[in-house]
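Chemist: As input, take query_22.cif (mmCIF, C-alpha atoms):
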```
data_start
#
loop_
_atom_site.group_PDB
_atom_site.id
_atom_site.type_symbol
_atom_site.label_atom_id
_atom_site.label_comp_id
_atom_site.auth_asym_id
_atom_site.auth_seq_id
_atom_site.Cartn_x
_atom_site.Cartn_y
_atom_site.Cartn_z
ATOM 1 C CA MET Q 398 -11.670 193.442 213.725
ATOM 2 C CA SER Q 399 -11.363 196.701 215.553
ATOM 3 C CA LYS Q 400 -11.632 200.011 213.713
ATOM 4 C CA SER Q 401 -7.863 200.406 214.089
ATOM 5 C CA GLY Q 402 -7.254 197.101 212.268
ATOM 6 C CA THR Q 403 -6.570 194.702 215.149
ATOM 7 C CA ILE Q 404 -7.958 191.235 214.498
ATOM 8 C CA LEU Q 405 -10.118 190.186 217.445
ATOM 9 C CA GLU Q 406 -11.189 186.739 216.169
ATOM 10 C CA ALA Q 407 -10.238 184.846 213.031
ATOM 11 C CA TYR Q 408 -11.567 181.697 211.420
ATOM 12 C CA GLU Q 409 -10.897 179.848 208.211
ATOM 13 C CA PHE Q 410 -13.850 178.494 206.255
ATOM 14 C CA TYR Q 411 -13.946 175.620 203.783
ATOM 15 C CA GLU Q 412 -16.828 174.517 201.598
ATOM 16 C CA PHE Q 413 -16.327 171.370 199.546
ATOM 17 C CA GLU Q 414 -17.925 170.025 196.377
ATOM 18 C CA ASP Q 415 -20.092 167.683 198.455
ATOM 19 C CA LEU Q 416 -21.416 170.856 200.187
ATOM 20 C CA SER Q 417 -19.851 169.952 203.525
ATOM 21 C CA GLU Q 418 -18.583 172.947 205.445
ATOM 22 C CA PHE Q 419 -15.800 173.297 207.985
ATOM 23 C CA GLY Q 420 -14.692 176.183 210.128
ATOM 24 C CA PHE Q 421 -11.348 176.324 211.908
ATOM 25 C CA PRO Q 422 -10.124 178.879 214.439
ATOM 26 C CA LEU Q 423 -6.994 180.844 213.562
ATOM 27 C CA PRO Q 424 -5.695 181.826 217.020
ATOM 28 C CA ASP Q 425 -2.331 182.947 215.614
ATOM 29 C CA LEU Q 426 -4.084 185.913 213.983
ATOM 30 C CA THR Q 427 -5.678 187.161 217.217
ATOM 31 C CA ASP Q 428 -4.259 190.577 218.192
ATOM 32 C CA VAL Q 429 -2.442 190.917 214.857
ATOM 33 C CA ASN Q 430 -2.983 194.284 213.210
ATOM 34 C CA TRP Q 431 -4.006 194.314 209.546
ATOM 35 C CA LEU Q 432 -2.231 197.611 208.914
ATOM 36 C CA THR Q 433 0.882 197.627 211.083
ATOM 37 C CA ASP Q 434 1.658 193.897 211.450
ATOM 38 C CA LEU Q 435 0.545 192.650 208.048
ATOM 39 C CA GLY Q 436 1.668 195.710 206.128
ATOM 40 C CA TYR Q 437 -1.548 196.706 204.391
ATOM 41 C CA SER Q 438 -2.149 200.409 203.813
ATOM 42 C CA ASN Q 439 -5.968 200.222 203.911
ATOM 43 C CA PHE Q 440 -8.866 197.823 204.286
ATOM 44 C CA ASP Q 441 -9.628 197.452 200.552
ATOM 45 C CA ASP Q 442 -8.201 193.911 200.327
ATOM 46 C CA LEU Q 443 -10.401 192.571 203.117
ATOM 47 C CA GLU Q 444 -13.259 190.259 202.290
ATOM 48 C CA ILE Q 445 -16.282 191.616 204.121
ATOM 49 C CA VAL Q 446 -18.187 188.914 206.005
ATOM 50 C CA ASN Q 447 -21.547 189.854 207.455
ATOM 51 C CA GLU Q 448 -22.189 189.143 211.130
ATOM 52 C CA MET Q 449 -24.618 186.277 210.490
ATOM 53 C CA ASP Q 450 -22.091 184.423 208.285
ATOM 54 C CA PHE Q 451 -19.272 185.122 210.739
ATOM 55 C CA ASN Q 452 -21.305 183.628 213.585
ATOM 56 C CA ARG Q 453 -22.139 180.566 211.471
ATOM 57 C CA ILE Q 454 -18.444 180.007 210.693
ATOM 58 C CA LYS Q 455 -17.607 180.529 214.365
ATOM 59 C CA GLU Q 456 -20.166 177.849 215.289
ATOM 60 C CA LEU Q 457 -18.720 175.471 212.691
ATOM 61 C CA ALA Q 458 -15.306 175.978 214.269
ATOM 62 C CA GLN Q 459 -16.673 174.789 217.630
ATOM 63 C CA ILE Q 460 -17.635 171.366 216.234
ATOM 64 C CA PRO Q 461 -14.975 168.797 217.189
ATOM 65 C CA ARG Q 462 -13.199 167.474 214.118
ATOM 66 C CA PRO Q 463 -11.079 164.317 214.365
ATOM 67 C CA ASP Q 464 -8.887 165.612 211.518
ATOM 68 C CA TYR Q 465 -8.341 169.126 212.902
ATOM 69 C CA ASN Q 466 -4.787 168.507 214.091
ATOM 70 C CA SER Q 467 -3.753 167.178 210.701
ATOM 71 C CA GLY Q 468 -3.775 170.717 209.302
ATOM 72 C CA SER Q 469 -6.246 170.012 206.526
ATOM 73 C CA PRO Q 470 -9.930 169.167 206.617
ATOM 74 C CA ASN Q 471 -9.395 166.611 203.834
ATOM 75 C CA GLU Q 472 -6.737 164.541 205.545
#
```
Here is a file; write its structure as structure tokens.

Modeler:
Amino acid sequence: MSKSGTILEAYEFYEFEDLSEFGFPLPDLTDVNWLTDLGYSNFDDLEIVNEMDFNRIKELAQIPRPDYNSGSPNE
């Protein structure tokens, strides 16, 4: 995210009870602004993800998943 609140890359992360992990890109959020487009007045509601974890989730999102188009990693 830029300092002005524009989302540069977004991913969703799932961790299941069996400890499997999935990352999925969220391209619809690219170039959306946290403040102006989503209506937040500050960054307090953001979950801070450190760079190492972000890169791990990004790598998970690059792994082909046969169920990706179904909309849910469990389907």

Chemist: What would the selection look like, as JSON, numbers by chain, if the PyMOL selection byres ((chain Q and resi 426-443) around 8) were run on the coordinates I just shared?

Modeler: {"Q": [401, 402, 403, 404, 405, 406, 407, 423, 424, 425, 444, 445]}

Chemist: Quick check, in Å to one decimal: how far apart do CA of Glu414 in chain Q and CA of Met398 in chain Q lie?

Modeler: 29.8 Å

Chemist: Check what the PyMOL selection byres ((chain Q and resi 455) around 10) selects in the file above and give those residues as a JSON list (two decimals) with C-alpha atoms, in the frame of the given file.

Modeler:
```
[["chain", "number", "residue", "atom", "x", "y", "z"],
["Q", 406, "GLU", "CA", -11.19, 186.74, 216.17],
["Q", 407, "ALA", "CA", -10.24, 184.85, 213.03],
["Q", 408, "TYR", "CA", -11.57, 181.70, 211.42],
["Q", 409, "GLU", "CA", -10.90, 179.85, 208.21],
["Q", 410, "PHE", "CA", -13.85, 178.49, 206.26],
["Q", 419, "PHE", "CA", -15.80, 173.30, 207.98],
["Q", 420, "GLY", "CA", -14.69, 176.18, 210.13],
["Q", 421, "PHE", "CA", -11.35, 176.32, 211.91],
["Q", 422, "PRO", "CA", -10.12, 178.88, 214.44],
["Q", 449, "MET", "CA", -24.62, 186.28, 210.49],
["Q", 450, "ASP", "CA", -22.09, 184.42, 208.28],
["Q", 451, "PHE", "CA", -19.27, 185.12, 210.74],
["Q", 452, "ASN", "CA", -21.30, 183.63, 213.58],
["Q", 453, "ARG", "CA", -22.14, 180.57, 211.47],
["Q", 454, "ILE", "CA", -18.44, 180.01, 210.69],
["Q", 456, "GLU", "CA", -20.17, 177.85, 215.29],
["Q", 457, "LEU", "CA", -18.72, 175.47, 212.69],
["Q", 458, "ALA", "CA", -15.31, 175.98, 214.27],
["Q", 459, "GLN", "CA", -16.67, 174.79, 217.63],
["Q", 460, "ILE", "CA", -17.64, 171.37, 216.23]]
```
